[in-house]
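Below is the file start-v3.cif, which contains mmCIF, C-alpha atoms.
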data_run
#
loop_
_atom_site.label_atom_id
_atom_site.label_comp_id
_atom_site.auth_asym_id
_atom_site.auth_seq_id
_atom_site.Cartn_x
_atom_site.Cartn_y
_atom_site.Cartn_z
CA MET W 687 0.00 0.00 0.00
CA GLU W 688 2.92 2.28 0.73
CA ASN W 689 4.25 1.78 -2.80
CA GLU W 690 0.83 2.31 -4.24
CA LEU W 691 0.65 5.61 -2.36
CA ARG W 692 4.10 6.73 -3.51
CA ASN W 693 3.32 5.87 -7.12
CA ALA W 694 0.06 7.80 -6.97
CA ILE W 695 1.84 10.87 -5.60
CA ARG W 696 4.59 10.61 -8.23
CA GLU W 697 1.89 10.47 -10.84
CA LEU W 698 0.30 13.62 -9.42
CA PHE W 699 3.61 15.47 -9.56
CA ALA W 700 4.05 14.41 -13.19
CA ASN W 701 0.53 14.94 -14.52
CA GLN W 702 -1.37 17.32 -12.32
CA GLY W 703 1.19 20.02 -11.61
CA VAL W 704 1.25 19.39 -7.89
CA GLY W 705 3.72 21.64 -6.06
CA VAL W 706 3.72 19.99 -2.68
CA ALA W 707 2.52 16.69 -1.31
CA ILE W 708 1.65 16.61 2.36
CA GLY W 709 2.00 13.13 3.73
CA TYR W 710 3.38 11.08 6.57
CA GLY W 711 7.05 10.37 7.00
CA ARG W 712 9.50 9.30 9.66
CA VAL W 713 10.57 12.71 10.88
CA GLY W 714 11.20 12.24 14.60
CA VAL W 715 14.69 11.50 15.96
CA ASP W 716 13.36 8.14 17.08
CA GLY W 717 11.68 7.50 13.75
CA ALA W 718 8.33 8.80 14.92
CA VAL W 719 5.82 9.49 12.19
CA GLY W 720 4.87 13.08 11.46
CA ALA W 721 4.05 15.37 8.60
CA VAL W 722 6.41 15.69 5.64
CA PHE W 723 6.13 18.20 2.85
CA VAL W 724 7.41 16.69 -0.37
CA THR W 725 8.14 19.30 -3.02
CA SER W 726 9.94 17.14 -5.56
CA PRO W 727 9.04 13.77 -7.10
CA ASP W 728 12.56 12.61 -6.16
CA ASP W 729 11.65 12.79 -2.47
CA VAL W 730 8.43 10.82 -2.70
CA ASP W 731 10.09 7.82 -1.09
CA GLN W 732 10.03 9.73 2.20
CA LEU W 733 6.34 9.05 2.39
CA VAL W 734 5.14 6.23 4.58
CA TRP W 735 1.79 4.73 5.40
CA ASN W 736 1.29 2.55 8.46
CA ASN W 737 -0.71 2.39 11.66
CA GLU W 738 1.32 5.16 13.31
CA CYS W 739 0.00 7.90 11.02
CA ARG W 740 -2.07 9.60 13.66
CA GLN W 741 -1.99 13.31 12.85
CA ASN W 742 -4.68 14.96 10.80
CA LEU W 743 -2.65 16.57 8.01
CA ALA W 744 -5.53 18.80 6.93
CA VAL W 745 -4.37 21.16 9.67
CA HIS W 746 -1.64 22.35 7.29
CA LEU W 747 -3.97 23.23 4.42
CA THR W 748 -4.90 26.64 5.79
CA ARG W 749 -1.32 27.77 6.45
CA PRO W 750 -0.23 30.52 4.03
CA GLU W 751 3.32 29.16 3.79
CA VAL W 752 1.94 25.83 2.60
CA LYS W 753 -0.49 27.43 0.17
CA ALA W 754 2.47 29.35 -1.26
CA LEU W 755 4.07 26.08 -2.42
CA GLY W 756 1.52 25.66 -5.20
CA LYS W 757 -1.08 23.02 -5.84
CA ILE W 758 -1.33 20.69 -2.88
CA ALA W 759 -1.76 16.94 -2.76
CA ILE W 760 -2.65 15.68 0.68
CA VAL W 761 -2.80 12.22 2.21
CA CYS W 762 -5.99 11.80 4.21
CA LYS W 763 -7.41 9.08 6.36
CA PRO W 764 -11.20 8.74 6.09
CA CYS W 765 -11.80 10.88 9.19
CA ASP W 766 -9.30 13.50 8.01
CA ALA W 767 -10.96 13.70 4.61
CA ARG W 768 -14.08 15.00 6.34
CA ALA W 769 -12.09 17.94 7.64
CA VAL W 770 -11.13 18.84 4.07
CA VAL W 771 -14.83 18.92 3.18
CA VAL W 772 -15.59 21.28 6.07
CA LEU W 773 -12.64 23.54 5.19
CA ALA W 774 -13.92 23.84 1.63
CA ASN W 775 -17.51 24.38 2.80
CA GLU W 776 -16.29 27.18 5.04
CA ALA W 777 -14.35 28.76 2.14
CA GLN W 778 -10.98 28.30 3.81
CA ILE W 779 -9.53 26.37 0.88
CA LYS W 780 -10.32 26.02 -2.76
CA ARG W 781 -11.13 22.40 -3.26
CA GLU W 782 -10.24 22.54 -6.96
CA ASP W 783 -6.68 23.59 -6.06
CA LEU W 784 -6.26 20.44 -4.05
CA VAL W 785 -5.83 16.74 -4.73
CA VAL W 786 -7.00 14.60 -1.85
CA VAL W 787 -5.38 11.18 -1.73
CA GLY W 788 -7.55 9.12 0.55
CA VAL W 789 -6.03 6.08 2.19
CA VAL W 790 -8.06 3.17 3.43
CA CYS W 791 -7.50 3.03 7.16
CA GLU W 792 -8.00 0.06 9.43
CA GLY W 793 -7.16 1.88 12.63
CA ILE W 794 -4.22 3.71 14.14
CA ARG W 795 -2.04 2.28 16.89
CA ASN W 796 -2.42 3.71 20.32
CA VAL W 797 0.36 5.94 21.62
CA LYS W 798 -0.08 6.85 25.25
CA PRO W 799 0.71 10.35 26.53
CA ASP W 800 3.99 9.10 28.00
CA GLY W 801 5.13 8.01 24.53
CA SER W 802 4.76 4.28 25.05
CA THR W 803 2.82 2.40 22.44
CA SER W 804 0.54 -0.56 22.55
CA ASP W 805 -0.56 -2.71 19.68
CA LYS W 806 -4.12 -2.14 20.66
CA ASP W 807 -5.83 0.32 18.36
CA TYR W 808 -5.98 3.97 19.20
CA PRO W 809 -9.16 4.17 21.32
CA LYS W 810 -11.04 6.05 18.65
CA CYS W 811 -10.27 3.40 16.06
CA GLU W 812 -11.25 0.26 17.97
CA THR W 813 -14.63 0.05 16.32
CA CYS W 814 -14.50 2.95 13.89
CA VAL W 815 -17.41 3.29 11.50
CA GLN W 816 -15.45 4.47 8.49
CA HIS W 817 -12.49 2.82 6.85
CA VAL W 818 -12.90 3.97 3.27
CA PRO W 819 -12.48 7.70 2.59
CA ALA W 820 -15.33 9.61 0.95
CA ASN W 821 -15.21 12.80 -1.12
CA VAL W 822 -11.58 12.25 -2.15
CA ASP W 823 -9.93 12.23 -5.58
CA VAL W 824 -7.85 9.06 -5.31
CA VAL W 825 -8.42 6.07 -3.05
CA ILE W 826 -5.40 3.99 -2.05
CA GLY W 827 -5.82 0.48 -0.69
CA GLU W 828 -8.84 -1.64 -0.06
CA THR W 829 -10.54 -3.23 2.89
CA SER W 830 -13.31 -5.63 3.69
CA LYS W 831 -14.42 -3.39 6.56
CA GLY W 832 -17.27 -1.59 4.86
CA GLU W 833 -17.71 1.18 2.35
CA ALA W 834 -17.28 4.94 2.18
CA LEU W 835 -19.68 7.00 4.25
CA ASP W 836 -20.84 10.18 2.59
CA ALA W 837 -23.90 12.37 2.84
CA LYS W 838 -26.23 9.51 1.96
CA ASN W 839 -25.27 7.20 4.78
CA ALA W 840 -23.55 9.59 7.17
CA GLU W 841 -22.71 8.49 10.65
CA VAL W 842 -20.94 10.46 13.34
CA ALA W 843 -17.29 9.57 12.93
CA THR W 844 -16.65 7.77 16.14
CA THR W 845 -16.65 4.34 17.61
CA ALA W 846 -18.90 2.19 19.72
CA GLY W 847 -16.29 2.23 22.46
CA HIS W 848 -16.16 5.98 22.53
CA GLN W 849 -19.94 6.28 22.45
CA ALA W 850 -20.14 3.85 25.36
CA LYS W 851 -17.70 5.98 27.32
CA LEU W 852 -19.74 9.10 26.67
CA ALA W 853 -22.98 7.29 27.51
CA LYS W 854 -21.45 6.17 30.80
CA LEU W 855 -20.41 9.72 31.57
CA ARG W 856 -23.83 11.09 30.72
CA ALA W 857 -25.49 8.50 32.91
CA MET W 858 -23.72 9.93 35.96
CA SER W 859 -25.21 12.73 38.02
CA ALA W 860 -24.29 16.30 37.10
CA GLU W 861 -22.13 16.53 40.24
CA GLU W 862 -20.18 13.42 39.25
CA ARG W 863 -19.67 14.70 35.74
CA PHE W 864 -18.47 18.03 37.03
CA GLN W 865 -16.07 16.22 39.34
CA TYR W 866 -14.82 14.09 36.44
CA TRP W 867 -14.00 17.14 34.33
CA ARG W 868 -12.61 18.94 37.32
CA ASP W 869 -10.08 16.13 37.73
CA GLU W 870 -9.37 16.09 34.01
CA PHE W 871 -9.08 19.85 33.50
CA SER W 872 -6.89 20.23 36.56
CA ARG W 873 -4.16 18.57 34.45
CA CYS W 874 -4.59 20.98 31.53
CA VAL W 875 -1.52 23.19 31.13
CA ARG W 876 -3.05 25.37 28.41
CA CYS W 877 -0.43 24.46 25.84
CA TYR W 878 -3.19 24.76 23.19
CA ALA W 879 -1.93 21.63 21.44
CA CYS W 880 -5.60 20.72 21.00
CA ARG W 881 -6.13 23.94 19.09
CA GLN W 882 -2.97 23.71 17.01
CA SER W 883 -3.58 20.11 15.99
CA CYS W 884 -7.16 20.78 14.91
CA PRO W 885 -7.68 21.46 11.20
CA LEU W 886 -10.83 23.42 11.95
CA CYS W 887 -9.35 25.71 14.63
CA TYR W 888 -7.96 27.99 11.94
CA CYS W 889 -8.60 31.50 13.28
CA ASN W 890 -5.57 33.69 12.73
CA ARG W 891 -6.03 35.08 16.17
CA CYS W 892 -7.77 32.85 18.66
CA VAL W 893 -10.24 34.41 21.05
CA ALA W 894 -8.25 32.79 23.87
CA ASP W 895 -5.25 34.94 22.90
CA LYS W 896 -7.16 38.20 22.93
CA ASN W 897 -6.53 40.23 26.02
CA ARG W 898 -8.38 43.49 25.50
CA PRO W 899 -10.75 42.48 26.90
CA ALA W 900 -9.68 39.01 27.96
CA ARG W 901 -12.56 36.66 27.23
CA ILE W 902 -11.22 33.85 29.35
CA ASP W 903 -8.63 33.49 32.07
CA THR W 904 -5.45 32.76 30.12
CA SER W 905 -3.55 31.17 33.00
CA ALA W 906 -3.86 27.44 33.55
CA SER W 907 -6.24 27.96 36.44
CA LEU W 908 -9.13 25.63 37.02
CA LYS W 909 -11.71 28.23 36.08
CA GLY W 910 -9.72 29.23 33.00
CA ASN W 911 -9.36 25.59 32.00
CA PHE W 912 -13.11 25.05 32.25
CA ALA W 913 -13.75 28.19 30.23
CA TRP W 914 -11.15 27.26 27.61
CA ASN W 915 -12.29 23.69 27.11
CA ILE W 916 -15.94 24.71 26.90
CA LEU W 917 -14.97 27.41 24.41
CA ARG W 918 -12.84 25.11 22.28
CA ALA W 919 -15.50 22.42 22.14
CA PHE W 920 -18.31 24.81 21.34
CA HIS W 921 -16.45 26.66 18.62
CA LEU W 922 -16.35 23.27 16.92
CA ALA W 923 -20.06 22.60 17.39
CA GLY W 924 -21.51 21.27 14.16
CA ARG W 925 -18.03 21.45 12.61
CA CYS W 926 -15.92 18.83 14.38
CA VAL W 927 -15.38 15.79 12.19
CA GLY W 928 -14.27 13.55 15.03
CA CYS W 929 -10.72 12.82 13.86
CA GLY W 930 -9.55 12.85 17.48
CA ALA W 931 -6.43 14.91 16.74
CA CYS W 932 -7.11 17.13 19.79
CA ALA W 933 -7.25 14.26 22.25
CA SER W 934 -4.24 12.52 20.75
CA ALA W 935 -2.22 15.76 20.89
CA CYS W 936 -3.13 16.45 24.51
CA PRO W 937 -0.02 15.93 26.63
CA ALA W 938 -2.19 15.53 29.71
CA GLY W 939 -4.23 12.75 28.14
CA ILE W 940 -7.54 14.53 28.59
CA GLU W 941 -10.27 12.97 26.47
CA LEU W 942 -11.31 16.24 24.92
CA ASP W 943 -13.02 14.49 22.06
CA LEU W 944 -15.80 13.36 24.42
CA LEU W 945 -16.94 16.99 24.49
CA ASN W 946 -16.85 17.18 20.71
CA LEU W 947 -18.65 13.87 20.45
CA THR W 948 -21.45 15.23 22.64
CA LEU W 949 -21.98 18.05 20.19
CA ALA W 950 -21.65 15.81 17.14
CA ASN W 951 -24.29 13.48 18.58
CA ALA W 952 -26.55 16.43 19.39
CA ALA W 953 -26.15 17.82 15.87
CA LYS W 954 -27.14 14.48 14.40
CA GLU W 955 -29.99 13.88 16.84
CA HIS W 956 -31.59 17.31 16.77
CA PHE W 957 -30.71 18.59 13.31
CA GLY W 958 -29.81 15.48 11.31
CA PHE W 959 -26.44 17.04 10.57
CA VAL W 960 -23.11 15.24 10.31
CA ALA W 961 -20.18 17.54 9.69
CA GLY W 962 -17.89 16.93 6.76
CA THR W 963 -20.03 14.42 4.91
CA GLU W 964 -21.79 16.68 2.43
CA VAL W 965 -19.88 18.82 -0.05
CA GLY W 966 -21.37 22.31 -0.12
CA ALA W 967 -23.43 21.90 3.05
CA ALA W 968 -24.32 25.14 4.85
CA PRO W 969 -22.81 25.32 8.34
CA LEU W 970 -25.07 24.08 11.13
CA ILE W 971 -24.62 27.16 13.28
CA GLY W 972 -25.11 30.08 10.96
CA THR W 973 -28.28 28.67 9.49
CA TYR W 974 -31.59 27.98 11.19
CA ASP W 975 -34.93 26.40 10.66
CA ARG W 976 -38.18 27.96 11.81
CA ASP W 977 -39.14 24.60 13.27
CA ASP W 978 -36.00 24.01 15.31
CA LYS W 979 -36.64 22.34 18.65
CA GLU W 980 -37.32 24.73 21.53
CA GLU W 981 -38.78 22.58 24.30
CA PHE W 982 -36.14 23.96 26.70
CA ILE W 983 -37.22 27.58 26.20
CA ARG W 984 -39.82 28.93 28.60
CA MET C 862 -41.89 47.00 49.69
CA SER C 863 -41.66 44.38 52.32
CA THR C 864 -40.63 45.71 55.72
CA GLU C 865 -39.69 42.34 57.14
CA THR C 866 -36.10 42.15 58.23
CA LYS C 867 -34.28 39.16 56.88
CA ALA C 868 -31.89 37.05 58.85
CA PRO C 869 -28.43 38.44 58.03
CA ASP C 870 -27.16 35.05 56.91
CA ALA C 871 -30.10 34.27 54.63
CA PHE C 872 -28.94 33.15 51.19
CA GLU C 873 -29.75 35.68 48.51
CA PRO C 874 -28.95 34.19 45.11
CA LYS C 875 -27.37 36.25 42.39
CA ILE C 876 -29.20 35.82 39.12
CA VAL C 877 -27.73 37.21 35.91
CA ALA C 878 -30.24 37.89 33.16
CA PHE C 879 -28.93 38.47 29.64
CA VAL C 880 -31.83 40.09 27.87
CA CYS C 881 -32.61 41.44 24.46
CA ASN C 882 -32.92 45.19 24.12
CA TRP C 883 -36.09 44.97 22.03
CA CYS C 884 -38.31 42.64 24.03
CA THR C 885 -37.37 41.23 27.41
CA TYR C 886 -35.68 44.43 28.51
CA LEU C 887 -38.87 46.32 27.70
CA GLY C 888 -40.88 43.55 29.37
CA ALA C 889 -38.85 44.07 32.53
CA ASP C 890 -39.40 47.81 32.16
CA LEU C 891 -43.12 47.22 31.82
CA ALA C 892 -43.09 45.13 34.99
CA GLY C 893 -41.55 48.16 36.68
CA THR C 894 -44.00 50.75 35.35
CA ASN C 895 -46.89 48.44 36.22
CA ARG C 896 -45.55 48.14 39.78
CA LEU C 897 -45.22 44.38 39.44
CA GLU C 898 -42.78 43.53 42.17
CA TYR C 899 -40.10 40.98 41.45
CA PRO C 900 -37.08 39.98 43.53
CA ALA C 901 -34.09 42.29 43.41
CA ASN C 902 -31.73 39.30 43.03
CA VAL C 903 -31.74 39.58 39.28
CA ARG C 904 -29.01 41.59 37.57
CA ILE C 905 -30.19 42.56 34.14
CA ILE C 906 -27.65 42.90 31.35
CA ARG C 907 -29.04 44.39 28.18
CA LEU C 908 -27.71 43.25 24.83
CA PRO C 909 -28.80 44.16 21.32
CA CYS C 910 -30.18 40.71 20.51
CA THR C 911 -30.18 37.14 21.84
CA GLY C 912 -28.20 36.37 18.71
CA ARG C 913 -25.44 38.49 20.23
CA ILE C 914 -25.26 36.53 23.45
CA ASP C 915 -21.96 34.72 23.35
CA PHE C 916 -21.96 31.44 25.26
CA ASN C 917 -18.83 32.70 27.04
CA LEU C 918 -21.02 35.21 28.82
CA ILE C 919 -22.85 32.39 30.57
CA VAL C 920 -19.59 30.80 31.65
CA LYS C 921 -18.32 34.21 32.73
CA ALA C 922 -21.45 34.85 34.79
CA PHE C 923 -20.85 31.66 36.75
CA GLU C 924 -17.20 32.59 37.15
CA ILE C 925 -18.07 35.90 38.79
CA GLY C 926 -20.50 34.32 41.19
CA ALA C 927 -23.89 33.87 39.54
CA ASP C 928 -26.08 31.19 41.08
CA ALA C 929 -28.32 31.03 38.04
CA VAL C 930 -28.39 32.57 34.57
CA LEU C 931 -31.36 33.60 32.46
CA VAL C 932 -31.14 34.25 28.74
CA SER C 933 -34.23 35.85 27.33
CA GLY C 934 -35.22 37.22 23.96
CA CYS C 935 -38.01 37.77 21.48
CA HIS C 936 -40.59 35.18 20.53
CA PRO C 937 -39.82 33.41 17.23
CA GLY C 938 -40.80 35.68 14.37
CA ASP C 939 -40.52 38.86 16.46
CA CYS C 940 -36.79 39.49 16.15
CA HIS C 941 -35.87 43.10 15.45
CA TYR C 942 -33.09 41.78 13.24
CA THR C 943 -35.34 39.17 11.60
CA ALA C 944 -33.53 36.02 12.65
CA GLY C 945 -31.26 36.63 15.65
CA ASN C 946 -33.40 34.57 17.95
CA PHE C 947 -33.58 31.68 15.48
CA HIS C 948 -29.81 31.55 15.38
CA ALA C 949 -29.69 31.77 19.16
CA ARG C 950 -32.21 28.99 19.60
CA ARG C 951 -30.14 26.54 17.56
CA ARG C 952 -26.98 27.54 19.37
CA TRP C 953 -28.51 27.11 22.84
CA LYS C 954 -29.93 23.73 21.92
CA LEU C 955 -26.39 22.52 21.27
CA PHE C 956 -24.78 24.49 24.09
CA ARG C 957 -27.08 22.95 26.69
CA GLU C 958 -25.90 19.51 25.61
CA LEU C 959 -22.29 20.55 26.08
CA LEU C 960 -23.00 22.04 29.51
CA ASP C 961 -24.77 18.83 30.41
CA THR C 962 -21.75 16.70 29.54
CA VAL C 963 -19.43 19.05 31.40
CA GLY C 964 -21.66 18.66 34.45
CA VAL C 965 -22.89 22.25 34.75
CA ASP C 966 -26.24 22.16 36.57
CA LEU C 967 -28.85 22.78 33.87
CA ASN C 968 -31.34 23.72 36.58
CA ARG C 969 -29.38 26.92 36.87
CA VAL C 970 -29.51 27.92 33.22
CA TYR C 971 -32.82 29.25 31.92
CA PHE C 972 -33.93 30.33 28.48
CA SER C 973 -37.15 32.17 27.74
CA TRP C 974 -39.03 34.22 25.18
CA ILE C 975 -40.53 37.32 26.79
CA SER C 976 -42.00 40.07 24.65
CA ALA C 977 -42.18 43.78 25.47
CA ALA C 978 -45.82 43.28 26.49
CA GLU C 979 -45.15 40.43 28.89
CA GLY C 980 -44.19 42.26 32.06
CA ALA C 981 -46.19 39.77 34.09
CA LYS C 982 -44.34 36.84 32.52
CA PHE C 983 -41.02 38.46 33.38
CA GLN C 984 -42.17 38.95 36.95
CA SER C 985 -43.40 35.40 37.41
CA LEU C 986 -40.39 33.80 35.72
CA VAL C 987 -37.85 35.78 37.73
CA THR C 988 -39.74 35.08 40.94
CA GLU C 989 -39.77 31.38 40.12
CA ILE C 990 -36.06 31.31 39.28
CA VAL C 991 -35.17 33.09 42.51
CA GLU C 992 -37.29 30.73 44.59
CA LYS C 993 -35.89 27.63 42.93
CA THR C 994 -32.33 28.89 43.24
CA LYS C 995 -32.87 29.73 46.90
CA ALA C 996 -34.05 26.17 47.44
CA MET C 997 -30.99 24.78 45.61
CA GLY C 998 -28.58 27.00 47.50
CA PRO C 999 -25.46 28.72 46.21
CA TYR C 1000 -23.74 27.21 43.17
CA GLN C 1001 -20.93 25.81 45.28
CA GLU C 1002 -19.38 23.64 42.58
CA TYR C 1003 -18.60 26.46 40.21
CA LYS C 1004 -17.63 28.77 43.04
CA SER C 1005 -15.16 26.15 44.26
CA ILE C 1006 -13.29 25.96 40.96
CA VAL C 1007 -13.09 29.75 40.96
CA ALA C 1008 -11.83 29.74 44.55
CA GLU C 1009 -9.09 27.30 43.57
CA SER C 1010 -7.96 29.41 40.64
#

Just dump the structure as structure tokens.
Amino acid sequence: MENELRNAIRELFANQGVGVAIGYGRVGVDGAVGAVFVTSPDDVDQLVWNNECRQNLAVHLTRPEVKALGKIAIVCKPCDARAVVVLANEAQIKREDLVVVGVVCEGIRNVKPDGSTSDKDYPKCETCVQHVPANVDVVIGETSKGEALDAKNAEVATTAGHQAKLAKLRAMSAEERFQYWRDEFSRCVRCYACRQSCPLCYCNRCVADKNRPARIDTSASLKGNFAWNILRAFHLAGRCVGCGACASACPAGIELDLLNLTLANAAKEHFGFVAGTEVGAAPLIGTYDRDDKEEFIR
Amino acid sequence: MSTETKAPDAFEPKIVAFVCNWCTYLGADLAGTNRLEYPANVRIIRLPCTGRIDFNLIVKAFEIGADAVLVSGCHPGDCHYTAGNFHARRRWKLFRELLDTVGVDLNRVYFSWISAAEGAKFQSLVTEIVEKTKAMGPYQEYKSIVAES
């Protein structure tokens, strides 16, 4: 599959005038997999594909220095490909200036916050619903694990295991939930890795960095951490594609994606909306329906 | 005005009401001109539209010691800016779910539609919120994370 991927990218350099290919390569000192930016067909052999390719590379698509390299080819897992759809829907990228190389994904290996790995799948991938990328230009690889999920058969991009975890959390009392997040957020150091790793957190200047007036407490205090994590999750309401990049980037191992999953479930349940599955879809927040639910309003 | 003296340690909840300039604010005003008495625990913050009410304001209200928050705007179809309240309604529907998962007590977050003619509704709703919040007591959980910060 790795050779198939490299050949496809070489082909794109030759025939489609691609200026840069964003893919995975062994870039860490210890051979860890990260993003590589291939600008010449001679370097295509740097690209790898295996079960360590965790990052969502779509995060680089909105960077001006990457856009300056010319037409982009990008390697996307099925969950990452949804982020490309949202970016195009929100007019952050021009889809026609982009070649999306979707790779069939059977799950990414778990890397714990301390750097140790286990052969067990990354928690999000244990029972993932999508293995074949949708809305991409080229598909690499094949699998027996089901077909591409697009607007017609959209499901929230998550797993039964993750849903079970959220259901367990939501079955607790409000006090217990608050205590759970209190314990979790007390470890947050406000490094904003969650924000930086997220392809859809693309604001040039984040509201958390604004200090006149300061919207939220910028120190890593408990109240600031609550405010920040609520803010981050809600700014992704109806937009988060569930790639899990935030949670996997979190050095404190906070399961931030449970908050996003709550909102993704709510969007599906109340508005029948699944982010990143429909090309050209209007954003969920920013549109309205006269018949939206309002049973909670007095 | 009541002339009863309250016990000095009686809990008086702080209620923050984010209200729309065009409807609920005028409804509250009407309650005043009609001499409809409502508890003084509510702090009214006037904004141009419910569509303007950033969810951070709710979080901020709890941070600075609110025991309950009310967000109130125009009935659907009555928005001065045509659709601000429709946008707000969708946003709050999702935001409540997030607050629920985070464990914020949803019994302390209220949403309502109150028009400029509904002074009595404003009075009864605020009275009810104050009574319920008094029964629940101070919002210790949120106050404790602020105290630790």

So which residues are close to (-22.0, 31.2, 37.8), meaning at most 12 Å away in the file's coordinates with only C-alpha atoms counted, and can you show them as an NGL selection string?
(:W and (909 or 913)) or (:C and (874-878 or 917-931 or 965-967 or 969-970 or 994 or 999-1007))

Define the interface residues of chain W facing chain C as those within 8 Å, counting only C-alpha atoms, and report them as a ChimeraX atom specification.
/W:855-856,859-865,867-868,901-902,907-910,913,916-917,920,923,945,948-949,952-953,971-976,978-980,982-984

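You will find CA of Val822 in chain W at 18.8 Å from CA of Leu733 in chain W.
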
Protein, DNA and RNA residues within 8 Å of (-21.6, 23.6, 11.3), all atoms listed in the file, as a VMD selection string
chain W and resid 922 to 925 961 968 to 972

Take the PyMOL selection byres ((chain C and resi 910) around 9), run it mentally on this structure, and tell me the resulting residues as a compact mmCIF listing (two decimals) with C-alpha atoms, in the coordinates of the input.
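That gives us result-v8.txt:
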# COMPACT_ATOMS: atom_id res chain seq x y z
CA VAL C 880 -31.83 40.09 27.87
CA CYS C 881 -32.61 41.44 24.46
CA ASN C 882 -32.92 45.19 24.12
CA TRP C 883 -36.09 44.97 22.03
CA ARG C 907 -29.04 44.39 28.18
CA LEU C 908 -27.71 43.25 24.83
CA PRO C 909 -28.80 44.16 21.32
CA THR C 911 -30.18 37.14 21.84
CA GLY C 912 -28.20 36.37 18.71
CA ARG C 913 -25.44 38.49 20.23
CA ILE C 914 -25.26 36.53 23.45
CA GLY C 934 -35.22 37.22 23.96
CA CYS C 935 -38.01 37.77 21.48
CA CYS C 940 -36.79 39.49 16.15
CA HIS C 941 -35.87 43.10 15.45
CA TYR C 942 -33.09 41.78 13.24
CA GLY C 945 -31.26 36.63 15.65
CA ASN C 946 -33.40 34.57 17.95

Report the residues retrieved by the PyMOL selection byres ((chain W and resi 687-695) around 7) from the displayed file, expressed as a PyMOL selection string.
chain W and resi 696-699+730-731+733-735+826-827

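For the pair CA of Cys926 in chain W and CA of Cys739 in chain W, the interatomic distance is 19.6 Å.
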
Running the PyMOL selection byres ((chain C and resi 890) around 12) on this model by hand, what would come out? Give it as a PyMOL selection string.
chain C and resi 880+882-889+891-899+905+907+975-981+983-984

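For the pair CA of Gly928 in chain W and CA of Ala906 in chain W, the separation is 25.4 Å.
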
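Candidate residues W:Val719, W:Val893, W:Cys880, W:Leu947 were compared for distance to Ala850 in chain W, and the nearest is W:Leu947, using all atoms listed in the file.
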
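All residues of protein, DNA or RNA that reach within 8 Å of range 773-776 of chain W, judged by all atoms listed in the file and not counting those fewer than 5 positions away in the chain, are W:Arg781, W:Leu886, W:Val965, W:Gly966, W:Ala967, W:Ala968, W:Pro969.
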
Adding 8 Å on each side of the box along x, y and z that holds all listed atoms of range 967-983 of chain C, could you give its centre and edge lengths in Å to one decimal, as lines of an AutoDock Vina configuration file?
center_x = -37.5
center_y = 33.3
center_z = 30.8
size_x = 33.3
size_y = 37.0
size_z = 28.2
